[in-house]
Amino acid sequence: MSATAASLALPAGRTSGSLPAIVGAELLKLARRPATWVLLGLWPALQLVFSLVIPYVSYSRGSSYEGSPPEALLASTLPDRLVANALSGLPLFGGALLLTLGALLAGSEYGWGTLKTLLAQGPRRTTVLAGQLLALVTVLAGTVAVSLALTAGVSALIAGAESAPADWPGAAEIARGFGGGLLVATTWGAMGVLLGTALRGTALAIGLGLVWVLAVESLVVNVAAPLLDVFETAQQALPGVNAGSLVAALAGSDTPVRTPGVVAVVDGGQAAWVLGAFLAAAVALTALLLNRRDLT
Amino acid sequence: MRHRRGQSPAMHTATGTAGPRPAPGSSSARAAGPGPHDDGDPVVTTDRLTKRYGSRTVVDALSLQVRRGEVFGFLGPNGAGKTTTLRMLLGLVRPTSGSATVLGRPAGASVAQVGALVEGPGLYPYLSGRDNLRVLARYAGVGADRVAAVLDTVALTDRAGDRFGTYSLGMKQRLGIAAALLKDPALVVLDEPTNGLDPAGITEVRTLLRRLVAEGRTVVLSSHLLGEVEQICDRVAVVASGRLLVESSVEELRGLGRLVVDARPLDTAVAVAGRLLGPDRVSVVDGALHLQAAPEETAAVNRALVTADVDVTGLRQEARTLEEVFLQLTDVDEAGPPEPAPRPRRLRRGTR
């Protein structure tokens, strides 16, 4: 190699952005994207409405719910039910929203042709994926925390207004709730990323994801499983069923959660492992696809 | 070095972080290393580079070289395999066979020193121009000061706060070029950078490219605008159906100019010109003598004709345009039989 060629040659290491810098870039993208705020804002908002506002308004009007006295409705909104009230929407509608976010995050990189622009800056493909997933986990952790905080605030207001006891769950229970909620949220988000990557776009990825979360799992659990033993067993491996089982376990077995999708089909430990396996598989498959593909 | 370099505008120091690079023709540039036409200093080398998708061969055993400090035009009709080749150089597409070396390393491994705009500017429509570049700067591992510098280079500072989605096509192209310059790259790969630009935008891009070269960068440019390529590029490669048809300097590709002579009697004129230049350089078109002759041969032709009692009533030099050459090359490729494949012609300068 000539002296000039040697001066042009790169040093042994790549000189692209570090992983923290890439996570920062992804957080900037997420923060500036309106869809992020809509999807992540919708989940805690719906959670509040269905877990606290509607039961409290119903209690205030003296209504009952499925034969339960109005006092039972009030009890379900108090601070001791914090974890259940903050997370109960996560297995179903929260999952659908977060899967949509993941699909948007990965799929739009293909639609806008931005993935090639990012890779042309020099980072490895796996570094790009790691940066995107870490940024996603960061915003999901923030959203789970916001959901817990909002639920705590509104529950405290209700308890204060009704002079009801404010028995807060312990820190360990809240931490378990946060960790479990983050696992469920991240699993749905990572599955959205996998769909967006596999299908190289957003529309089909979101459509298929929503059909799975909102229709297919529901049909398996409510229609097929009662009829055939094979579905009775198979449902225990579904991500939505395990998400519901984990949230049910975190909520505590003494007071069942009314939210659809939150049913203890398997125990909490098994649910966490199955969700962890789905998360790992989604990340591994996405990395495999990203690394093997030509970017055309 | 082509004389056009001397016409480049004053160096725009904003594109470099470590100060201006020496102009290739300057003494400092010469001291730094060989010039762009030193065949021993390739920046890009492909060796029988091939890409197949199923049974379709998109790039077929492509072997070419891009030398340091030159503007290299990569030409071909739609579907010729230009973009796929550029993607292979960037590591976005893996070759089926063959190899490519970029900046002394395997293609893809050196991408951190390559600035690229491939098939349009792929940027985030909901982000401002400035935020798009901030994101890419973090990916590239360069400081935020580069963002302001490259925005200034492409004259987008005033609109940097506007969303990319609201930009005109020309502004999008310019921001894409700014993104390619973020890393202060030694090699800039631009795929159709003038797509969709109006004449003023094309002129701006041309000026920018000259500035990049004046700063000592190597530019690989794919374009359909052959007039632009002719004005900017030092050397070109023409590809069709994935195969290299020719790789040479622009001047050599255009070949000898055409000398059109109105002379009577025509038969005598043809005979005299044939004796002087050789029969293969003489033809008659629409009653005029068409000679393949360099401008410096014009006087000798005139003198010979007059000496032979031929009346010369008109005599003018016509240069072939790159477009004429390109159409001739690609027509031959498309109309000709598939076997045997056209043999790549290499018209190298100098002592190769």
# chains A, B, ... in the order shown; residues from 1 in each chain; ligands from 1

call {"tool": "closest_atom_pairs", "arguments": {"of": "chain B", "to": "chain A", "cutoff": "8 Å", "atoms": "only C-alpha atoms", "output": "Markdown table"}}
result
| residue | atom | partner | partner_atom | distance |
| --- | --- | --- | --- | --- |
| B:Ala32 | CA | A:Thr4 | CA | 7.2 |
| B:Gly33 | CA | A:Thr4 | CA | 5.4 |
| B:Pro34 | CA | A:Thr4 | CA | 7.3 |
| B:Gly40 | CA | A:Ser2 | CA | 7.4 |
| B:Asp41 | CA | A:Ala5 | CA | 6.1 |
| B:Pro42 | CA | A:Ala5 | CA | 7.6 |
| B:Val43 | CA | A:Ala5 | CA | 7.5 |
| B:Thr84 | CA | A:Thr296 | CA | 7.7 |
| B:Arg87 | CA | A:Thr296 | CA | 8.0 |
| B:Leu90 | CA | A:Ala120 | CA | 6.8 |
| B:Leu92 | CA | A:Leu295 | CA | 5.2 |
| B:Val93 | CA | A:Asp294 | CA | 4.5 |
| B:Arg94 | CA | A:Asp294 | CA | 6.4 |
| B:Leu103 | CA | A:Ala9 | CA | 5.2 |
| B:Gly104 | CA | A:Ala9 | CA | 5.2 |
| B:Arg105 | CA | A:Ala9 | CA | 6.9 |
| B:Ala109 | CA | A:Arg14 | CA | 7.6 |
| B:Ser110 | CA | A:Leu10 | CA | 6.5 |
| B:Val111 | CA | A:Gly122 | CA | 5.2 |
| B:Ala112 | CA | A:Gly122 | CA | 4.2 |
| B:Gln113 | CA | A:Leu10 | CA | 7.4 |
| B:Val114 | CA | A:Ala120 | CA | 7.7 |
| B:Gly115 | CA | A:Ala120 | CA | 7.3 |
| B:Ala116 | CA | A:Ala120 | CA | 6.6 |
| B:Leu117 | CA | A:Thr117 | CA | 7.8 |
| B:Pro121 | CA | A:Gly113 | CA | 7.9 |
| B:Gly122 | CA | A:Thr114 | CA | 4.5 |
| B:Leu123 | CA | A:Thr114 | CA | 5.4 |
| B:Tyr124 | CA | A:Trp112 | CA | 6.9 |
| B:Tyr126 | CA | A:Arg33 | CA | 6.4 |
| B:Leu127 | CA | A:Arg32 | CA | 6.7 |
| B:Arg134 | CA | A:Ala25 | CA | 7.5 |
| B:Val135 | CA | A:Ala25 | CA | 4.7 |
| B:Leu136 | CA | A:Leu118 | CA | 6.5 |
| B:Ala137 | CA | A:Gly17 | CA | 7.9 |
| B:Arg138 | CA | A:Ala21 | CA | 5.3 |
| B:Tyr139 | CA | A:Gly17 | CA | 4.5 |
| B:Ala140 | CA | A:Ser16 | CA | 4.5 |
| B:Gly141 | CA | A:Gly17 | CA | 3.6 |
| B:Val142 | CA | A:Gly17 | CA | 7.3 |
| B:Lys183 | CA | A:Gln121 | CA | 7.8 |
| B:Ala186 | CA | A:Leu8 | CA | 7.4 |

call {"tool": "select_by_dssp", "arguments": {"residues": "region 43-285 of chain A", "states": "alpha helix (DSSP H)", "output": "JSON, numbers by chain"}}
result
{"A": [43, 44, 45, 46, 47, 48, 54, 55, 56, 57, 58, 59, 60, 70, 71, 72, 73, 74, 75, 82, 83, 84, 85, 86, 87, 95, 96, 97, 98, 99, 100, 101, 102, 103, 104, 105, 106, 107, 108, 109, 110, 111, 114, 115, 116, 117, 118, 119, 125, 126, 127, 128, 129, 130, 131, 132, 133, 134, 135, 136, 137, 138, 139, 140, 141, 142, 143, 144, 145, 146, 147, 148, 149, 150, 151, 152, 153, 154, 155, 156, 157, 158, 159, 160, 161, 171, 172, 173, 174, 175, 176, 177, 178, 179, 180, 181, 182, 183, 184, 185, 186, 187, 188, 189, 190, 191, 192, 193, 194, 195, 196, 197, 198, 203, 204, 205, 206, 207, 208, 209, 210, 211, 217, 218, 219, 229, 230, 231, 232, 233, 234, 239, 240, 241, 242, 243, 244, 245, 246, 247, 248, 249, 250, 251, 268, 269, 270, 271, 272, 273, 274, 275, 276, 277, 278, 279, 280, 281, 282, 283, 284, 285]}

call {"tool": "residues_around", "arguments": {"residues": "Leu133 (chain B)", "least_positions_apart": "5", "cutoff": "9 Å", "atoms": "only C-alpha atoms", "output": "MDAnalysis selection string"}}
result
chainID B and resid 123 128 138 144 146:147 150:151 175 178:179 182

call {"tool": "write_last_selection", "arguments": {"atoms": "N, CA, C and O atoms", "output": "PDB file, in the first residue's frame"}}
result
ATOM      1  N   LEU B 123     -34.488  10.437   5.003  1.00  0.00           N
ATOM      2  CA  LEU B 123     -34.454  11.175   6.276  1.00  0.00           C
ATOM      3  C   LEU B 123     -35.854  11.193   6.885  1.00  0.00           C
ATOM      4  O   LEU B 123     -36.833  10.847   6.234  1.00  0.00           O
ATOM      5  N   SER B 128     -36.917  18.108  12.049  1.00  0.00           N
ATOM      6  CA  SER B 128     -36.394  19.249  11.297  1.00  0.00           C
ATOM      7  C   SER B 128     -35.108  18.833  10.587  1.00  0.00           C
ATOM      8  O   SER B 128     -34.517  17.785  10.912  1.00  0.00           O
ATOM      9  N   ARG B 138     -24.885  11.702  15.719  1.00  0.00           N
ATOM     10  CA  ARG B 138     -24.674  10.764  16.825  1.00  0.00           C
ATOM     11  C   ARG B 138     -24.361   9.372  16.293  1.00  0.00           C
ATOM     12  O   ARG B 138     -23.533   8.656  16.847  1.00  0.00           O
ATOM     13  N   ALA B 144     -21.456  17.826  17.402  1.00  0.00           N
ATOM     14  CA  ALA B 144     -22.616  18.596  16.961  1.00  0.00           C
ATOM     15  C   ALA B 144     -22.202  19.798  16.123  1.00  0.00           C
ATOM     16  O   ALA B 144     -23.021  20.327  15.356  1.00  0.00           O
ATOM     17  N   ARG B 146     -20.426  19.808  13.605  1.00  0.00           N
ATOM     18  CA  ARG B 146     -20.468  19.429  12.187  1.00  0.00           C
ATOM     19  C   ARG B 146     -21.843  19.719  11.578  1.00  0.00           C
ATOM     20  O   ARG B 146     -21.964  19.972  10.379  1.00  0.00           O
ATOM     21  N   VAL B 147     -22.871  19.639  12.422  1.00  0.00           N
ATOM     22  CA  VAL B 147     -24.231  19.861  11.913  1.00  0.00           C
ATOM     23  C   VAL B 147     -24.353  21.270  11.343  1.00  0.00           C
ATOM     24  O   VAL B 147     -24.801  21.464  10.208  1.00  0.00           O
ATOM     25  N   VAL B 150     -22.178  21.612   8.033  1.00  0.00           N
ATOM     26  CA  VAL B 150     -22.689  21.057   6.772  1.00  0.00           C
ATOM     27  C   VAL B 150     -23.986  21.746   6.337  1.00  0.00           C
ATOM     28  O   VAL B 150     -24.259  21.851   5.138  1.00  0.00           O
ATOM     29  N   LEU B 151     -24.767  22.221   7.305  1.00  0.00           N
ATOM     30  CA  LEU B 151     -25.952  23.009   6.932  1.00  0.00           C
ATOM     31  C   LEU B 151     -25.525  24.260   6.179  1.00  0.00           C
ATOM     32  O   LEU B 151     -26.148  24.669   5.193  1.00  0.00           O
ATOM     33  N   LEU B 175     -30.125  18.469   1.754  1.00  0.00           N
ATOM     34  CA  LEU B 175     -29.942  17.954   3.117  1.00  0.00           C
ATOM     35  C   LEU B 175     -29.336  16.547   3.077  1.00  0.00           C
ATOM     36  O   LEU B 175     -28.531  16.185   3.946  1.00  0.00           O
ATOM     37  N   ALA B 178     -25.807  17.063   2.673  1.00  0.00           N
ATOM     38  CA  ALA B 178     -25.247  17.500   3.960  1.00  0.00           C
ATOM     39  C   ALA B 178     -25.013  16.301   4.870  1.00  0.00           C
ATOM     40  O   ALA B 178     -23.980  16.198   5.541  1.00  0.00           O
ATOM     41  N   ALA B 179     -25.974  15.381   4.876  1.00  0.00           N
ATOM     42  CA  ALA B 179     -25.826  14.169   5.703  1.00  0.00           C
ATOM     43  C   ALA B 179     -24.613  13.360   5.249  1.00  0.00           C
ATOM     44  O   ALA B 179     -23.883  12.792   6.076  1.00  0.00           O
ATOM     45  N   LEU B 182     -21.360  14.814   6.738  1.00  0.00           N
ATOM     46  CA  LEU B 182     -21.210  14.949   8.196  1.00  0.00           C
ATOM     47  C   LEU B 182     -19.877  14.421   8.700  1.00  0.00           C
ATOM     48  O   LEU B 182     -19.271  14.988   9.598  1.00  0.00           O
TER      49      LEU B 182
END

call {"tool": "residues_around", "arguments": {"residues": "Leu101 (chain A)", "least_positions_apart": "6", "cutoff": "12 Å", "atoms": "only C-alpha atoms", "output": "PyMOL selection string"}}
result
chain A and resi 30+33-43+94-95+107-108+132-133+136-137+139-140+185-196+202-203+205-206+209-210

call {"tool": "write_last_selection", "arguments": {"atoms": "N, CA and C atoms", "output": "short mmCIF file (atom, residue, chain, number, x, y, z; two decimals), in the first residue's frame"}}
result
data_model
loop_
_atom_site.label_atom_id
_atom_site.label_comp_id
_atom_site.auth_asym_id
_atom_site.auth_seq_id
_atom_site.Cartn_x
_atom_site.Cartn_y
_atom_site.Cartn_z
N LEU A 30 -37.63 9.39 18.99
CA LEU A 30 -38.90 9.03 19.66
C LEU A 30 -39.57 10.26 20.28
N ARG A 33 -41.30 12.43 17.68
CA ARG A 33 -42.29 11.80 16.82
C ARG A 33 -43.68 11.87 17.46
N PRO A 34 -44.63 12.51 16.82
CA PRO A 34 -45.96 12.64 17.43
C PRO A 34 -46.59 11.29 17.78
N ALA A 35 -46.37 10.27 16.94
CA ALA A 35 -46.99 8.97 17.20
C ALA A 35 -46.56 8.40 18.55
N THR A 36 -45.34 8.68 18.97
CA THR A 36 -44.86 8.18 20.25
C THR A 36 -45.74 8.72 21.38
N TRP A 37 -45.98 10.02 21.33
CA TRP A 37 -46.76 10.65 22.40
C TRP A 37 -48.21 10.19 22.38
N VAL A 38 -48.73 10.01 21.18
CA VAL A 38 -50.12 9.54 21.08
C VAL A 38 -50.25 8.14 21.66
N LEU A 39 -49.37 7.23 21.23
CA LEU A 39 -49.49 5.84 21.66
C LEU A 39 -49.16 5.68 23.14
N LEU A 40 -48.08 6.33 23.58
CA LEU A 40 -47.69 6.17 24.97
C LEU A 40 -48.59 6.98 25.90
N GLY A 41 -49.22 8.02 25.39
CA GLY A 41 -50.15 8.78 26.22
C GLY A 41 -51.50 8.10 26.33
N LEU A 42 -51.85 7.40 25.26
CA LEU A 42 -53.17 6.76 25.23
C LEU A 42 -53.28 5.64 26.26
N TRP A 43 -52.19 4.90 26.43
CA TRP A 43 -52.27 3.76 27.34
C TRP A 43 -52.56 4.20 28.79
N GLY A 94 -53.20 -2.06 26.07
CA GLY A 94 -51.86 -1.51 26.22
C GLY A 94 -50.89 -2.25 25.33
N GLY A 95 -51.01 -3.57 25.29
CA GLY A 95 -50.14 -4.38 24.44
C GLY A 95 -50.31 -4.03 22.97
N GLY A 107 -40.60 -0.44 11.32
CA GLY A 107 -41.13 -0.46 9.95
C GLY A 107 -40.92 0.82 9.20
N SER A 108 -41.04 1.96 9.91
CA SER A 108 -40.87 3.21 9.16
C SER A 108 -39.46 3.44 8.69
N GLN A 132 -31.84 1.01 19.15
CA GLN A 132 -33.28 1.23 19.02
C GLN A 132 -34.05 0.53 20.14
N LEU A 133 -33.63 -0.69 20.47
CA LEU A 133 -34.34 -1.43 21.51
C LEU A 133 -34.12 -0.81 22.88
N LEU A 136 -36.24 2.13 23.13
CA LEU A 136 -37.64 1.71 23.32
C LEU A 136 -37.88 1.30 24.77
N VAL A 137 -36.96 0.52 25.33
CA VAL A 137 -37.11 0.09 26.73
C VAL A 137 -37.12 1.32 27.64
N VAL A 139 -38.17 4.43 27.00
CA VAL A 139 -39.46 5.15 26.98
C VAL A 139 -40.57 4.28 27.57
N LEU A 140 -40.48 2.97 27.41
CA LEU A 140 -41.50 2.10 28.02
C LEU A 140 -41.39 2.12 29.53
N ALA A 185 -44.58 -4.86 28.67
CA ALA A 185 -44.53 -3.77 27.68
C ALA A 185 -43.39 -4.00 26.68
N THR A 186 -42.24 -4.40 27.19
CA THR A 186 -41.08 -4.60 26.30
C THR A 186 -41.31 -5.77 25.36
N THR A 187 -41.95 -6.81 25.88
CA THR A 187 -42.22 -7.97 25.01
C THR A 187 -43.13 -7.56 23.86
N TRP A 188 -44.20 -6.83 24.17
CA TRP A 188 -45.08 -6.38 23.07
C TRP A 188 -44.33 -5.45 22.11
N GLY A 189 -43.55 -4.53 22.67
CA GLY A 189 -42.81 -3.60 21.83
C GLY A 189 -41.82 -4.34 20.92
N ALA A 190 -41.11 -5.32 21.49
CA ALA A 190 -40.11 -6.06 20.70
C ALA A 190 -40.79 -6.89 19.62
N MET A 191 -41.99 -7.41 19.93
CA MET A 191 -42.70 -8.16 18.89
C MET A 191 -43.15 -7.23 17.76
N GLY A 192 -43.48 -6.01 18.12
CA GLY A 192 -43.79 -5.03 17.07
C GLY A 192 -42.56 -4.72 16.22
N VAL A 193 -41.40 -4.61 16.86
CA VAL A 193 -40.16 -4.36 16.13
C VAL A 193 -39.87 -5.53 15.18
N LEU A 194 -40.10 -6.74 15.67
CA LEU A 194 -39.88 -7.92 14.81
C LEU A 194 -40.81 -7.88 13.60
N LEU A 195 -42.08 -7.57 13.84
CA LEU A 195 -43.03 -7.53 12.72
C LEU A 195 -42.66 -6.43 11.73
N GLY A 196 -42.31 -5.26 12.24
CA GLY A 196 -41.93 -4.15 11.36
C GLY A 196 -40.70 -4.48 10.54
N THR A 202 -44.84 -0.63 7.93
CA THR A 202 -45.66 -0.44 9.12
C THR A 202 -47.08 -0.99 8.97
N ALA A 203 -47.68 -0.80 7.81
CA ALA A 203 -49.11 -1.07 7.69
C ALA A 203 -49.45 -2.53 7.96
N ALA A 205 -47.55 -4.79 9.28
CA ALA A 205 -47.05 -5.18 10.60
C ALA A 205 -48.05 -4.81 11.69
N ILE A 206 -48.56 -3.60 11.63
CA ILE A 206 -49.53 -3.16 12.63
C ILE A 206 -50.82 -3.95 12.49
N GLY A 209 -50.33 -7.48 13.76
CA GLY A 209 -50.12 -7.45 15.20
C GLY A 209 -51.43 -7.23 15.96
N LEU A 210 -52.22 -6.30 15.48
CA LEU A 210 -53.49 -6.00 16.15
C LEU A 210 -54.46 -7.18 16.04
#

call {"tool": "closest_residue", "arguments": {"among": "B:Leu62, B:Ala148, B:Leu305, B:Ala237", "to": "Leu266 (chain B)", "atoms": "only C-alpha atoms"}}
result
B:Leu305

call {"tool": "atom_distance", "arguments": {"atom1": "CA of Arg258 (chain B)", "atom2": "CA of Leu322 (chain B)"}}
result
13.5 Å

call {"tool": "residues_around", "arguments": {"residues": "region 283-291 of chain B", "least_positions_apart": "2", "cutoff": "12 Å", "atoms": "only C-alpha atoms", "output": "VMD selection string"}}
result
chain B and resid 256 to 274 276 to 281 293 to 295 297 to 298 301 to 302 305 312 to 319

call {"tool": "atom_distance", "arguments": {"atom1": "CA of Tyr53 (chain B)", "atom2": "CA of Leu285 (chain A)"}}
result
22.7 Å

call {"tool": "residues_around", "arguments": {"residues": "Pro79 (chain A)", "least_positions_apart": "2", "cutoff": "12 Å", "atoms": "only C-alpha atoms", "output": "PyMOL selection string"}}
result
chain A and resi 51-52+74-77+81-86+148-160+164-170+174

call {"tool": "residues_around", "arguments": {"residues": "Ser241 (chain B)", "least_positions_apart": "6", "cutoff": "9 Å", "atoms": "only C-alpha atoms", "output": "PyMOL selection string"}}
result
chain B and resi 57-60+76-77+79-81+333-334

call {"tool": "select_by_dssp", "arguments": {"residues": "region 166-332 of chain B", "states": "strand (DSSP E)", "output": "ChimeraX atom specification"}}
result
/B:187-191,218-222,235-240,243-249,258-264,282-285,288-292,311-318

call {"tool": "write_last_selection", "arguments": {"atoms": "N, CA and C atoms", "output": "tab-separated table (two decimals), in the first residue's frame"}}
result
chain	number	residue	atom	x	y	z
B	187	LEU	N	-14.17	9.88	0.95
B	187	LEU	CA	-14.87	9.44	-0.27
B	187	LEU	C	-16.35	9.79	-0.15
B	188	VAL	N	-16.88	10.44	-1.17
B	188	VAL	CA	-18.30	10.80	-1.18
B	188	VAL	C	-18.96	10.06	-2.33
B	189	VAL	N	-20.00	9.30	-2.00
B	189	VAL	CA	-20.73	8.52	-3.01
B	189	VAL	C	-22.12	9.14	-3.16
B	190	LEU	N	-22.40	9.64	-4.33
B	190	LEU	CA	-23.68	10.33	-4.54
B	190	LEU	C	-24.42	9.66	-5.70
B	191	ASP	N	-25.58	9.11	-5.38
B	191	ASP	CA	-26.39	8.42	-6.37
B	191	ASP	C	-27.49	9.37	-6.84
B	218	THR	N	-12.54	12.42	-2.83
B	218	THR	CA	-12.86	11.65	-4.02
B	218	THR	C	-14.38	11.55	-4.10
B	219	VAL	N	-14.92	11.73	-5.28
B	219	VAL	CA	-16.38	11.69	-5.44
B	219	VAL	C	-16.75	10.64	-6.48
B	220	VAL	N	-17.65	9.76	-6.10
B	220	VAL	CA	-18.24	8.82	-7.06
B	220	VAL	C	-19.67	9.28	-7.29
B	221	LEU	N	-19.97	9.56	-8.54
B	221	LEU	CA	-21.24	10.21	-8.86
B	221	LEU	C	-22.00	9.37	-9.88
B	222	SER	N	-23.22	8.99	-9.52
B	222	SER	CA	-24.08	8.32	-10.47
B	222	SER	C	-25.11	9.32	-10.94
B	235	ARG	N	-13.28	10.97	-14.83
B	235	ARG	CA	-13.36	9.69	-15.54
B	235	ARG	C	-14.76	9.14	-15.34
B	236	VAL	N	-15.13	8.23	-16.21
B	236	VAL	CA	-16.46	7.63	-16.11
B	236	VAL	C	-16.37	6.13	-16.38
B	237	ALA	N	-17.34	5.43	-15.81
B	237	ALA	CA	-17.57	4.04	-16.20
B	237	ALA	C	-18.99	3.97	-16.72
B	238	VAL	N	-19.17	3.30	-17.83
B	238	VAL	CA	-20.52	3.13	-18.38
B	238	VAL	C	-20.90	1.66	-18.21
B	239	VAL	N	-22.04	1.43	-17.57
B	239	VAL	CA	-22.50	0.07	-17.38
B	239	VAL	C	-23.87	-0.10	-18.03
B	240	ALA	N	-24.15	-1.30	-18.45
B	240	ALA	CA	-25.48	-1.64	-18.98
B	240	ALA	C	-25.71	-3.10	-18.66
B	243	ARG	N	-23.14	-4.95	-16.71
B	243	ARG	CA	-21.77	-5.18	-17.22
B	243	ARG	C	-21.08	-3.86	-17.53
B	244	LEU	N	-19.79	-3.86	-17.30
B	244	LEU	CA	-19.00	-2.68	-17.61
B	244	LEU	C	-18.78	-2.60	-19.12
B	245	LEU	N	-19.20	-1.49	-19.71
B	245	LEU	CA	-18.97	-1.31	-21.15
B	245	LEU	C	-17.67	-0.58	-21.41
B	246	VAL	N	-17.41	0.42	-20.59
B	246	VAL	CA	-16.18	1.18	-20.80
B	246	VAL	C	-15.83	1.91	-19.51
B	247	GLU	N	-14.54	2.08	-19.29
B	247	GLU	CA	-14.06	2.90	-18.18
B	247	GLU	C	-12.92	3.74	-18.73
B	248	SER	N	-13.08	5.05	-18.68
B	248	SER	CA	-12.04	5.90	-19.25
B	248	SER	C	-12.23	7.33	-18.80
B	249	SER	N	-11.31	8.18	-19.21
B	249	SER	CA	-11.50	9.61	-18.96
B	249	SER	C	-12.61	10.11	-19.89
B	258	ARG	N	-15.18	15.85	-34.39
B	258	ARG	CA	-15.59	15.64	-35.78
B	258	ARG	C	-15.35	16.94	-36.54
B	259	LEU	N	-14.61	16.82	-37.64
B	259	LEU	CA	-14.36	17.98	-38.48
B	259	LEU	C	-15.29	17.88	-39.68
B	260	VAL	N	-16.17	18.84	-39.81
B	260	VAL	CA	-17.14	18.83	-40.92
B	260	VAL	C	-16.64	19.81	-41.98
B	261	VAL	N	-16.46	19.29	-43.20
B	261	VAL	CA	-15.88	20.11	-44.28
B	261	VAL	C	-16.86	20.13	-45.46
B	262	ASP	N	-17.18	21.34	-45.92
B	262	ASP	CA	-17.96	21.49	-47.15
B	262	ASP	C	-16.95	21.72	-48.27
B	263	ALA	N	-16.81	20.75	-49.15
B	263	ALA	CA	-15.76	20.84	-50.17
B	263	ALA	C	-16.24	20.29	-51.49
B	264	ARG	N	-15.72	20.84	-52.59
B	264	ARG	CA	-16.05	20.39	-53.94
B	264	ARG	C	-14.78	20.35	-54.79
B	282	VAL	N	-12.76	8.85	-42.34
B	282	VAL	CA	-13.40	9.72	-43.33
B	282	VAL	C	-14.78	9.14	-43.68
B	283	SER	N	-15.77	10.02	-43.69
B	283	SER	CA	-17.10	9.59	-44.16
B	283	SER	C	-17.80	10.78	-44.79
B	284	VAL	N	-18.85	10.49	-45.52
B	284	VAL	CA	-19.64	11.55	-46.16
B	284	VAL	C	-21.06	11.49	-45.60
B	285	VAL	N	-21.51	12.59	-45.07
B	285	VAL	CA	-22.85	12.66	-44.49
B	285	VAL	C	-23.54	13.89	-45.07
B	288	ALA	N	-21.56	16.35	-47.01
B	288	ALA	CA	-20.41	17.01	-46.37
B	288	ALA	C	-19.42	15.95	-45.93
B	289	LEU	N	-18.17	16.39	-45.89
B	289	LEU	CA	-17.11	15.49	-45.48
B	289	LEU	C	-17.04	15.47	-43.95
B	290	HIS	N	-17.17	14.30	-43.34
B	290	HIS	CA	-17.05	14.19	-41.87
B	290	HIS	C	-15.75	13.47	-41.55
B	291	LEU	N	-14.88	14.17	-40.85
B	291	LEU	CA	-13.57	13.60	-40.55
B	291	LEU	C	-13.41	13.48	-39.03
B	292	GLN	N	-12.88	12.35	-38.58
B	292	GLN	CA	-12.52	12.24	-37.17
B	292	GLN	C	-11.13	12.86	-37.02
B	311	ASP	N	-12.15	23.06	-53.58
B	311	ASP	CA	-12.73	24.30	-53.03
B	311	ASP	C	-13.32	24.01	-51.65
B	312	VAL	N	-12.78	24.65	-50.65
B	312	VAL	CA	-13.29	24.48	-49.28
B	312	VAL	C	-14.18	25.67	-48.94
B	313	THR	N	-15.49	25.42	-48.82
B	313	THR	CA	-16.42	26.52	-48.54
B	313	THR	C	-16.89	26.55	-47.08
B	314	GLY	N	-16.58	25.53	-46.37
B	314	GLY	CA	-16.95	25.51	-44.95
B	314	GLY	C	-16.09	24.52	-44.22
B	315	LEU	N	-15.75	24.88	-42.96
B	315	LEU	CA	-14.89	23.97	-42.22
B	315	LEU	C	-15.12	24.25	-40.72
B	316	ARG	N	-15.67	23.28	-40.04
B	316	ARG	CA	-15.97	23.52	-38.62
B	316	ARG	C	-15.73	22.26	-37.79
B	317	GLN	N	-15.31	22.48	-36.55
B	317	GLN	CA	-15.02	21.38	-35.63
B	317	GLN	C	-16.26	21.12	-34.79
B	318	GLU	N	-16.71	19.87	-34.70
B	318	GLU	CA	-17.85	19.51	-33.84
B	318	GLU	C	-17.39	18.45	-32.86
